[in-house]
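S.K.: Below is one structure. I have some questions about it.
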Amino acid sequence: MLNFDYYNKTNFIFGKETEKRLSSLIPKGVKKVLIHYGGGSIKRSGLYDTVIKQLTDANIAFVELGGVVANPRLLKVYEGIEICSKENVDFILAVGGGSVIDSAKAIACGNNYDGDVWDLYVGKGQIEGTTPLATILTIPAAGSEVSADTVITKEEGQLKRAYSHISLRPVFSIMNPVLTMTLPAYQTACGIVDMLAHTFERYFTKESNVELTDRMAEGLMKTIINIGPKVLAKPDNYDYRGEIMWAGTHAHSGLLGTGRSDDWASHMIEHEISGIYDIAHGAGLSIVFPAWMKFVYKTDLPRFAAWANRVFDIEINPNDLEETALKGIFALEMFYKSLNMPIRLSDADIVDNQYELMANKATNHDNNTLGNFVKLSKNDIIEILTLAK
Ligand code: NZQ
Ligand code: ZN
């Protein structure tokens with residue numbers, strides 16, 4: 001078990017009508033709030049009106065910036081930074097999903113950095129702290145309502161990059177499962193894939209003696225696999241929506257990574273796919289993960305066999321752990337298919353074979369290898385993308 005620091009300051013306000021507590025949660029002394037949102041789902045659902053009413057009734061000044069797109073863009077971030085500086089914004093409220101929250105986090109960074117905020121995403125700058133931010137989450141998926149991470153795409157060069165800073169953990173996150181009932185089935189499924197992926201990135205580790213976090217991760221994976229199809233079958237079921245929403249937060253709170261090394265190679269490879277082809281992050285992950293697993297499973301057969309057994313109830317064949325591991329990977333593919341998610345690049349109409357370009361972009365910014373469970377070279381990434389063909 002490795003040493004770790006684990007600090008999670010976020011106050012989670014979970015349940016029905018919790019968005020109506022918004023004004024009481026905004027810290028006293030805040031002078032002006034920037035409300036940041038996406039392409040219109042919050043206006044259609046009525047959440048936007050609730051937010052405006054909450055702030056207006058409590059005499060909290062605000063400005064707003066909508067129009068964040070999925071796979072959020074740097075240009076919108078610049079726009080937000082300019083508004084913050086012109087309007088003296090001292091608190092940012094992200095209302096939406098991972099894209100909106102990540103854009104809000106980028107603005108919170110840029111508001112506290114003299115140079116180009118993109119510097120942070122390419123390892124050329126650091127900040128001491130950020131403008132405080134909070135979220136009202138509308139899609140369980142990315143886990144940005146709890147994470148210290150932000151992922152932004154720079155239009156020029158189609159570069160999708162991440163930055164982490166401990167102060168980016170939200171002050172509070174309002175999570176009302178009812179607000180997720182308007183999600184299309186596809187976005188719900190993308191979210192299920194993403195939260196499962198966040199668990200895999202931590203579960204497949206080289207560390208031993210991490211039974212507590214292993215078992216917690218297995219419980220989470222089993223829950224997501226059990227509830228995921230149910231939420232798709234009954235999108236208005238509050239309890240299913242609630243379970244999936246809370247699962248998404250735990251998948252990316254960092255708790256499951258304590259004492260162990262994370263991997264994240266699959267996420268980095270996926271960011272190259274959604275950076276170029278602008279597909280949903282979850283759709284990229286259901287393509288990359290089975291291929292990554294097929295490439296790395298022999299590194300630790302007992303771990304893969306235990307995963308197949310504990311998560312997918314596949315009987316362990318003690319004489320052939322490879323068979324058990326492969327059955328687990330197949331079961332994962334079948335699970336993704338049952339959610340109508342792509343499991344090959346061609347399923348997402350990606351057929352132009354730009355594997356070398358993606359592998360180059362993925363390795364150029366990370367000491368030329370990706371991941372920890374297995375350190376992947378550029379050629380390894382090309383092989384993984386070929387397996388995902
Ligand atoms: O823009 P609107 O109109 O709100 O529509 C959104 C968007 O089109 C829609 N939506 C959200 N809530 C809805 C809704 N539609 C109907 N009803 C609702 N209640 O869903 C679409 C997708 O939203 P988005 O925010 O893009 O989804 P998600 O939460 O999956 O975020 C994806 C982004 O997060 C990044 C991904 O790379 C991607 O850019 N990630 C962020 C992480 C982090 N910050 O910790 C970690 C992740 O691994 C991930 O990389
Ligand atoms: Zn993810």
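By order of appearance in the structure tokens: chains A, B, ..., then residues from 1 within every chain, and ligands from 1 in the order shown.
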Select the residues contacting ligand 2 at a distance of at most 10 Å, based on only C-alpha atoms and all ligand atoms, then format the selection as an mmCIF file with C-alpha atoms, in the first residue's frame.
M.R.:
data_model
loop_
_atom_site.group_PDB
_atom_site.id
_atom_site.type_symbol
_atom_site.label_atom_id
_atom_site.label_comp_id
_atom_site.auth_asym_id
_atom_site.auth_seq_id
_atom_site.Cartn_x
_atom_site.Cartn_y
_atom_site.Cartn_z
ATOM 1 C CA GLY A 98 -18.754 17.365 -16.931
ATOM 2 C CA ALA A 141 -20.738 10.558 -15.760
ATOM 3 C CA ALA A 142 -17.460 12.474 -15.612
ATOM 4 C CA GLY A 143 -17.304 12.839 -11.836
ATOM 5 C CA SER A 144 -16.234 16.465 -12.211
ATOM 6 C CA VAL A 151 -10.408 18.597 -19.361
ATOM 7 C CA CYS A 190 -22.169 7.183 -21.907
ATOM 8 C CA GLY A 191 -22.196 8.174 -18.249
ATOM 9 C CA VAL A 193 -19.424 3.662 -19.260
ATOM 10 C CA ASP A 194 -17.416 6.608 -17.928
ATOM 11 C CA MET A 195 -17.997 5.867 -14.249
ATOM 12 C CA LEU A 196 -17.100 2.225 -14.804
ATOM 13 C CA ALA A 197 -13.947 3.394 -16.585
ATOM 14 C CA HIS A 198 -12.965 5.616 -13.660
ATOM 15 C CA THR A 199 -13.144 2.547 -11.458
ATOM 16 C CA GLU A 201 -8.360 3.117 -14.036
ATOM 17 C CA ALA A 251 -16.035 6.332 -9.075
ATOM 18 C CA HIS A 252 -14.054 9.558 -9.408
ATOM 19 C CA TRP A 264 -5.245 6.416 -16.900
ATOM 20 C CA SER A 266 -7.157 4.374 -21.585
ATOM 21 C CA HIS A 267 -8.440 7.833 -20.705
ATOM 22 C CA MET A 268 -5.483 9.490 -22.396
ATOM 23 C CA GLU A 270 -9.717 8.203 -25.455
ATOM 24 C CA HIS A 271 -8.984 11.931 -25.175
ATOM 25 C CA HIS A 281 -16.133 10.571 -23.944
ATOM 26 C CA GLY A 282 -18.114 7.510 -22.802
ATOM 27 C CA GLY A 284 -14.604 6.511 -26.770
ATOM 28 C CA LEU A 285 -14.072 4.607 -23.533
#
S.K.: Fewer than 6 positions away in the same chain doesn't count, so skip those; otherwise give me all residues within 10 Å of A:Glu243, counting only C-alpha atoms, as a PyMOL selection string.
M.R.: chain A and resi 140+177+223-224+227-228+231
S.K.: Find the residues of chain A that sit at most 6 Å from ligand 1; for each, write down the nearest two atoms and how far apart they are in Å, to one decimal. Count only C-alpha atoms and all ligand atoms. Sort by chain, then by number going up, and give it as JSON lines.
M.R.:
{"residue": "A:Gly38", "atom": "CA", "partner": "ligand 1", "partner_atom_place_in_ligand_line": "1 (O)", "distance": 3.5}
{"residue": "A:Gly39", "atom": "CA", "partner": "ligand 1", "partner_atom_place_in_ligand_line": "3 (O)", "distance": 3.5}
{"residue": "A:Gly40", "atom": "CA", "partner": "ligand 1", "partner_atom_place_in_ligand_line": "3 (O)", "distance": 3.9}
{"residue": "A:Ser41", "atom": "CA", "partner": "ligand 1", "partner_atom_place_in_ligand_line": "3 (O)", "distance": 3.7}
{"residue": "A:Ile42", "atom": "CA", "partner": "ligand 1", "partner_atom_place_in_ligand_line": "4 (O)", "distance": 6.0}
{"residue": "A:Val69", "atom": "CA", "partner": "ligand 1", "partner_atom_place_in_ligand_line": "1 (O)", "distance": 5.7}
{"residue": "A:Ala70", "atom": "CA", "partner": "ligand 1", "partner_atom_place_in_ligand_line": "26 (O)", "distance": 3.6}
{"residue": "A:Asn71", "atom": "CA", "partner": "ligand 1", "partner_atom_place_in_ligand_line": "39 (O)", "distance": 3.6}
{"residue": "A:Pro72", "atom": "CA", "partner": "ligand 1", "partner_atom_place_in_ligand_line": "39 (O)", "distance": 5.8}
{"residue": "A:Gly96", "atom": "CA", "partner": "ligand 1", "partner_atom_place_in_ligand_line": "4 (O)", "distance": 5.4}
{"residue": "A:Gly97", "atom": "CA", "partner": "ligand 1", "partner_atom_place_in_ligand_line": "25 (O)", "distance": 3.3}
{"residue": "A:Gly98", "atom": "CA", "partner": "ligand 1", "partner_atom_place_in_ligand_line": "31 (O)", "distance": 3.4}
{"residue": "A:Ser99", "atom": "CA", "partner": "ligand 1", "partner_atom_place_in_ligand_line": "25 (O)", "distance": 3.7}
{"residue": "A:Val100", "atom": "CA", "partner": "ligand 1", "partner_atom_place_in_ligand_line": "25 (O)", "distance": 5.6}
{"residue": "A:Asp102", "atom": "CA", "partner": "ligand 1", "partner_atom_place_in_ligand_line": "44 (N)", "distance": 5.3}
{"residue": "A:Thr138", "atom": "CA", "partner": "ligand 1", "partner_atom_place_in_ligand_line": "19 (N)", "distance": 4.3}
{"residue": "A:Ile139", "atom": "CA", "partner": "ligand 1", "partner_atom_place_in_ligand_line": "12 (N)", "distance": 4.6}
{"residue": "A:Ala141", "atom": "CA", "partner": "ligand 1", "partner_atom_place_in_ligand_line": "29 (O)", "distance": 4.8}
{"residue": "A:Ala142", "atom": "CA", "partner": "ligand 1", "partner_atom_place_in_ligand_line": "47 (C)", "distance": 4.2}
{"residue": "A:Gly143", "atom": "CA", "partner": "ligand 1", "partner_atom_place_in_ligand_line": "45 (O)", "distance": 5.3}
{"residue": "A:Ser144", "atom": "CA", "partner": "ligand 1", "partner_atom_place_in_ligand_line": "44 (N)", "distance": 4.0}
{"residue": "A:Ser147", "atom": "CA", "partner": "ligand 1", "partner_atom_place_in_ligand_line": "45 (O)", "distance": 4.9}
{"residue": "A:Asp149", "atom": "CA", "partner": "ligand 1", "partner_atom_place_in_ligand_line": "44 (N)", "distance": 4.4}
{"residue": "A:Thr150", "atom": "CA", "partner": "ligand 1", "partner_atom_place_in_ligand_line": "44 (N)", "distance": 4.1}
{"residue": "A:Val151", "atom": "CA", "partner": "ligand 1", "partner_atom_place_in_ligand_line": "41 (C)", "distance": 5.4}
{"residue": "A:Leu179", "atom": "CA", "partner": "ligand 1", "partner_atom_place_in_ligand_line": "19 (N)", "distance": 5.3}
{"residue": "A:Thr180", "atom": "CA", "partner": "ligand 1", "partner_atom_place_in_ligand_line": "19 (N)", "distance": 4.2}
{"residue": "A:Thr182", "atom": "CA", "partner": "ligand 1", "partner_atom_place_in_ligand_line": "17 (N)", "distance": 4.1}
{"residue": "A:Leu183", "atom": "CA", "partner": "ligand 1", "partner_atom_place_in_ligand_line": "17 (N)", "distance": 3.8}
{"residue": "A:Gln187", "atom": "CA", "partner": "ligand 1", "partner_atom_place_in_ligand_line": "20 (O)", "distance": 5.8}
{"residue": "A:Gly191", "atom": "CA", "partner": "ligand 1", "partner_atom_place_in_ligand_line": "30 (O)", "distance": 5.6}
{"residue": "A:His281", "atom": "CA", "partner": "ligand 1", "partner_atom_place_in_ligand_line": "36 (C)", "distance": 5.1}
S.K.: Mind listing the alpha helix (DSSP H) residues of stretch 102-325 of chain A, per DSSP on the backbone, as a PyMOL selection string?
M.R.: chain A and resi 102-110+118-121+185-203+211-233+238-251+265-277+281-296+301-312+321-325
S.K.: Atoms to include: C-alpha atoms. Write the selected residues as an mmCIF file, in the first residue's frame.
M.R.:
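Output file again-v7.cif follows:
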data_model
loop_
_atom_site.group_PDB
_atom_site.id
_atom_site.type_symbol
_atom_site.label_atom_id
_atom_site.label_comp_id
_atom_site.auth_asym_id
_atom_site.auth_seq_id
_atom_site.Cartn_x
_atom_site.Cartn_y
_atom_site.Cartn_z
ATOM 1 C CA ASP A 102 -14.685 21.504 -16.590
ATOM 2 C CA SER A 103 -15.143 24.760 -18.473
ATOM 3 C CA ALA A 104 -16.057 26.470 -15.182
ATOM 4 C CA LYS A 105 -12.925 25.006 -13.572
ATOM 5 C CA ALA A 106 -10.783 26.302 -16.420
ATOM 6 C CA ILE A 107 -12.280 29.761 -15.963
ATOM 7 C CA ALA A 108 -11.640 29.492 -12.213
ATOM 8 C CA CYS A 109 -7.975 28.773 -12.997
ATOM 9 C CA GLY A 110 -7.625 31.458 -15.646
ATOM 10 C CA TRP A 118 -3.751 26.816 -21.683
ATOM 11 C CA ASP A 119 -0.211 26.860 -20.205
ATOM 12 C CA LEU A 120 -1.597 24.897 -17.253
ATOM 13 C CA TYR A 121 -2.948 22.151 -19.519
ATOM 14 C CA ALA A 185 -30.666 7.089 -23.219
ATOM 15 C CA TYR A 186 -27.409 7.544 -25.119
ATOM 16 C CA GLN A 187 -26.051 10.129 -22.666
ATOM 17 C CA THR A 188 -27.156 8.012 -19.721
ATOM 18 C CA ALA A 189 -25.270 5.063 -21.204
ATOM 19 C CA CYS A 190 -22.169 7.183 -21.907
ATOM 20 C CA GLY A 191 -22.196 8.174 -18.249
ATOM 21 C CA ILE A 192 -22.431 4.564 -17.099
ATOM 22 C CA VAL A 193 -19.424 3.662 -19.260
ATOM 23 C CA ASP A 194 -17.416 6.608 -17.928
ATOM 24 C CA MET A 195 -17.997 5.867 -14.249
ATOM 25 C CA LEU A 196 -17.100 2.225 -14.804
ATOM 26 C CA ALA A 197 -13.947 3.394 -16.585
ATOM 27 C CA HIS A 198 -12.965 5.616 -13.660
ATOM 28 C CA THR A 199 -13.144 2.547 -11.458
ATOM 29 C CA PHE A 200 -11.047 0.434 -13.887
ATOM 30 C CA GLU A 201 -8.360 3.117 -14.036
ATOM 31 C CA ARG A 202 -7.821 2.634 -10.307
ATOM 32 C CA TYR A 203 -8.627 -1.058 -9.975
ATOM 33 C CA GLU A 211 -7.888 -5.259 -0.427
ATOM 34 C CA LEU A 212 -10.074 -2.522 1.058
ATOM 35 C CA THR A 213 -10.028 -0.390 -2.100
ATOM 36 C CA ASP A 214 -10.236 -3.524 -4.306
ATOM 37 C CA ARG A 215 -13.421 -4.597 -2.561
ATOM 38 C CA MET A 216 -14.911 -1.105 -2.588
ATOM 39 C CA ALA A 217 -14.201 -0.851 -6.327
ATOM 40 C CA GLU A 218 -15.715 -4.281 -6.963
ATOM 41 C CA GLY A 219 -18.872 -3.259 -5.073
ATOM 42 C CA LEU A 220 -19.092 -0.099 -7.131
ATOM 43 C CA MET A 221 -18.564 -1.939 -10.440
ATOM 44 C CA LYS A 222 -21.182 -4.548 -9.550
ATOM 45 C CA THR A 223 -23.668 -1.821 -8.632
ATOM 46 C CA ILE A 224 -23.112 0.089 -11.870
ATOM 47 C CA ILE A 225 -23.452 -3.102 -13.929
ATOM 48 C CA ASN A 226 -26.603 -4.099 -12.073
ATOM 49 C CA ILE A 227 -28.339 -0.705 -12.018
ATOM 50 C CA GLY A 228 -27.153 0.605 -15.418
ATOM 51 C CA PRO A 229 -29.549 -1.453 -17.539
ATOM 52 C CA LYS A 230 -32.366 -0.816 -15.061
ATOM 53 C CA VAL A 231 -32.009 2.951 -15.318
ATOM 54 C CA LEU A 232 -32.145 2.675 -19.110
ATOM 55 C CA ALA A 233 -35.255 0.511 -18.911
ATOM 56 C CA TYR A 238 -35.864 7.856 -8.835
ATOM 57 C CA ASP A 239 -33.970 5.174 -6.958
ATOM 58 C CA TYR A 240 -32.155 3.881 -10.046
ATOM 59 C CA ARG A 241 -31.258 7.426 -11.082
ATOM 60 C CA GLY A 242 -30.081 8.112 -7.533
ATOM 61 C CA GLU A 243 -27.895 5.006 -7.300
ATOM 62 C CA ILE A 244 -26.227 5.748 -10.624
ATOM 63 C CA MET A 245 -25.694 9.392 -9.720
ATOM 64 C CA TRP A 246 -23.999 8.600 -6.417
ATOM 65 C CA ALA A 247 -21.995 5.799 -8.038
ATOM 66 C CA GLY A 248 -20.601 8.269 -10.568
ATOM 67 C CA THR A 249 -19.306 10.485 -7.780
ATOM 68 C CA HIS A 250 -17.617 7.644 -5.898
ATOM 69 C CA ALA A 251 -16.035 6.332 -9.075
ATOM 70 C CA ALA A 265 -3.716 5.238 -20.200
ATOM 71 C CA SER A 266 -7.157 4.374 -21.585
ATOM 72 C CA HIS A 267 -8.440 7.833 -20.705
ATOM 73 C CA MET A 268 -5.483 9.490 -22.396
ATOM 74 C CA ILE A 269 -5.998 7.390 -25.534
ATOM 75 C CA GLU A 270 -9.717 8.203 -25.455
ATOM 76 C CA HIS A 271 -8.984 11.931 -25.175
ATOM 77 C CA GLU A 272 -7.122 11.684 -28.480
ATOM 78 C CA ILE A 273 -10.189 10.040 -30.059
ATOM 79 C CA SER A 274 -12.750 12.552 -28.768
ATOM 80 C CA GLY A 275 -10.255 15.390 -29.395
ATOM 81 C CA ILE A 276 -10.160 14.555 -33.105
ATOM 82 C CA TYR A 277 -13.574 12.978 -33.796
ATOM 83 C CA HIS A 281 -16.133 10.571 -23.944
ATOM 84 C CA GLY A 282 -18.114 7.510 -22.802
ATOM 85 C CA ALA A 283 -18.371 6.232 -26.373
ATOM 86 C CA GLY A 284 -14.604 6.511 -26.770
ATOM 87 C CA LEU A 285 -14.072 4.607 -23.533
ATOM 88 C CA SER A 286 -16.315 1.656 -24.451
ATOM 89 C CA ILE A 287 -14.117 1.316 -27.543
ATOM 90 C CA VAL A 288 -10.731 1.729 -25.848
ATOM 91 C CA PHE A 289 -11.141 -0.262 -22.625
ATOM 92 C CA PRO A 290 -11.731 -3.750 -24.069
ATOM 93 C CA ALA A 291 -8.779 -3.239 -26.430
ATOM 94 C CA TRP A 292 -6.546 -2.004 -23.592
ATOM 95 C CA MET A 293 -7.555 -5.006 -21.487
ATOM 96 C CA LYS A 294 -6.777 -7.432 -24.307
ATOM 97 C CA PHE A 295 -3.347 -5.837 -24.600
ATOM 98 C CA VAL A 296 -2.429 -5.850 -20.883
ATOM 99 C CA LEU A 301 -3.691 -12.806 -14.824
ATOM 100 C CA PRO A 302 -4.787 -13.381 -11.204
ATOM 101 C CA ARG A 303 -6.087 -9.791 -10.974
ATOM 102 C CA PHE A 304 -7.986 -10.052 -14.248
ATOM 103 C CA ALA A 305 -9.406 -13.454 -13.317
ATOM 104 C CA ALA A 306 -10.478 -12.175 -9.875
ATOM 105 C CA TRP A 307 -12.121 -9.171 -11.558
ATOM 106 C CA ALA A 308 -14.025 -11.446 -13.967
ATOM 107 C CA ASN A 309 -15.149 -13.587 -11.064
ATOM 108 C CA ARG A 310 -16.076 -10.903 -8.557
ATOM 109 C CA VAL A 311 -17.617 -8.389 -10.951
ATOM 110 C CA PHE A 312 -19.154 -10.596 -13.657
ATOM 111 C CA LEU A 321 -6.716 -18.086 -15.526
ATOM 112 C CA GLU A 322 -6.298 -16.709 -19.023
ATOM 113 C CA GLU A 323 -9.598 -18.275 -20.043
ATOM 114 C CA THR A 324 -11.315 -16.659 -17.026
ATOM 115 C CA ALA A 325 -9.746 -13.266 -17.770
#
S.K.: Rank nothing, just name the residue among A:Ser24, A:Ser167, A:Asn176, A:Ser85 nearest to A:Leu55, using only C-alpha atoms.
M.R.: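 The answer is A:Ser24, which sits nearest to A:Leu55.
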S.K.: Residues near stretch 348-356 of chain A, anyone? I mean within 8 Å using only C-alpha atoms, not counting same-chain ones fewer than 4 positions away, as a list in words.
M.R.: Tyr277, Ala283, Pro342, Arg344, Asn360, Lys378, Ile381, Ile382, Leu385, Thr386 and Lys389 of chain A
S.K.: So which one's closest to A:Ile279, A:Met341, A:Met334, A:Leu93, A:Ile329? Using only C-alpha atoms, please.
M.R.: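 When distances to A:Ile279 are compared using only C-alpha atoms, the smallest one comes from A:Met341.
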S.K.: Hey, which of A:Phe12, A:Tyr163, A:Tyr48, A:Phe91 ends up closest to A:Val146? Count only C-alpha atoms.
M.R.: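 Nearest candidate to A:Val146 out of A:Phe12, A:Tyr163, A:Tyr48, A:Phe91: A:Phe12.
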S.K.: Can you measure atom CA of A:Gly328 to atom CA of A:Pro184 for me? One decimal in Å is fine.
M.R.: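 The value is 28.4 Å.
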S.K.: DSSP on the backbone: which residues in stretch 61-227 of chain A end up as strand (DSSP E)? Give the answer as a PyMOL selection string.
M.R.: chain A and resi 61-65+91-96+133-137+149-154+159-164+172-175
S.K.: Quick one: pull the distance between atom CA of A:Ile314 and atom CA of A:Lys234, Å, one decimal.
M.R.: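 Interatomic distance, atom CA of A:Ile314 to atom CA of A:Lys234: 27.0 Å.
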S.K.: Using only C-alpha atoms, which of A:Lys327, A:Arg161, A:Lys16, A:Arg73 sits nearest A:Ala362?
M.R.: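 Nearest to A:Ala362: A:Arg161.
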S.K.: Which is closest to A:Ile101 among A:Lys160, A:Lys76, A:His36, A:Lys20, if we use only C-alpha atoms?
M.R.: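 The shortest atom-to-atom distance to A:Ile101 comes from A:His36.
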S.K.: Determine the nearest neighbour of A:Asn209 from the options A:Phe373, A:Thr153, A:Leu2, A:Thr56, counting only C-alpha atoms.
M.R.: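 Among the listed residues, A:Leu2 lies closest to A:Asn209.
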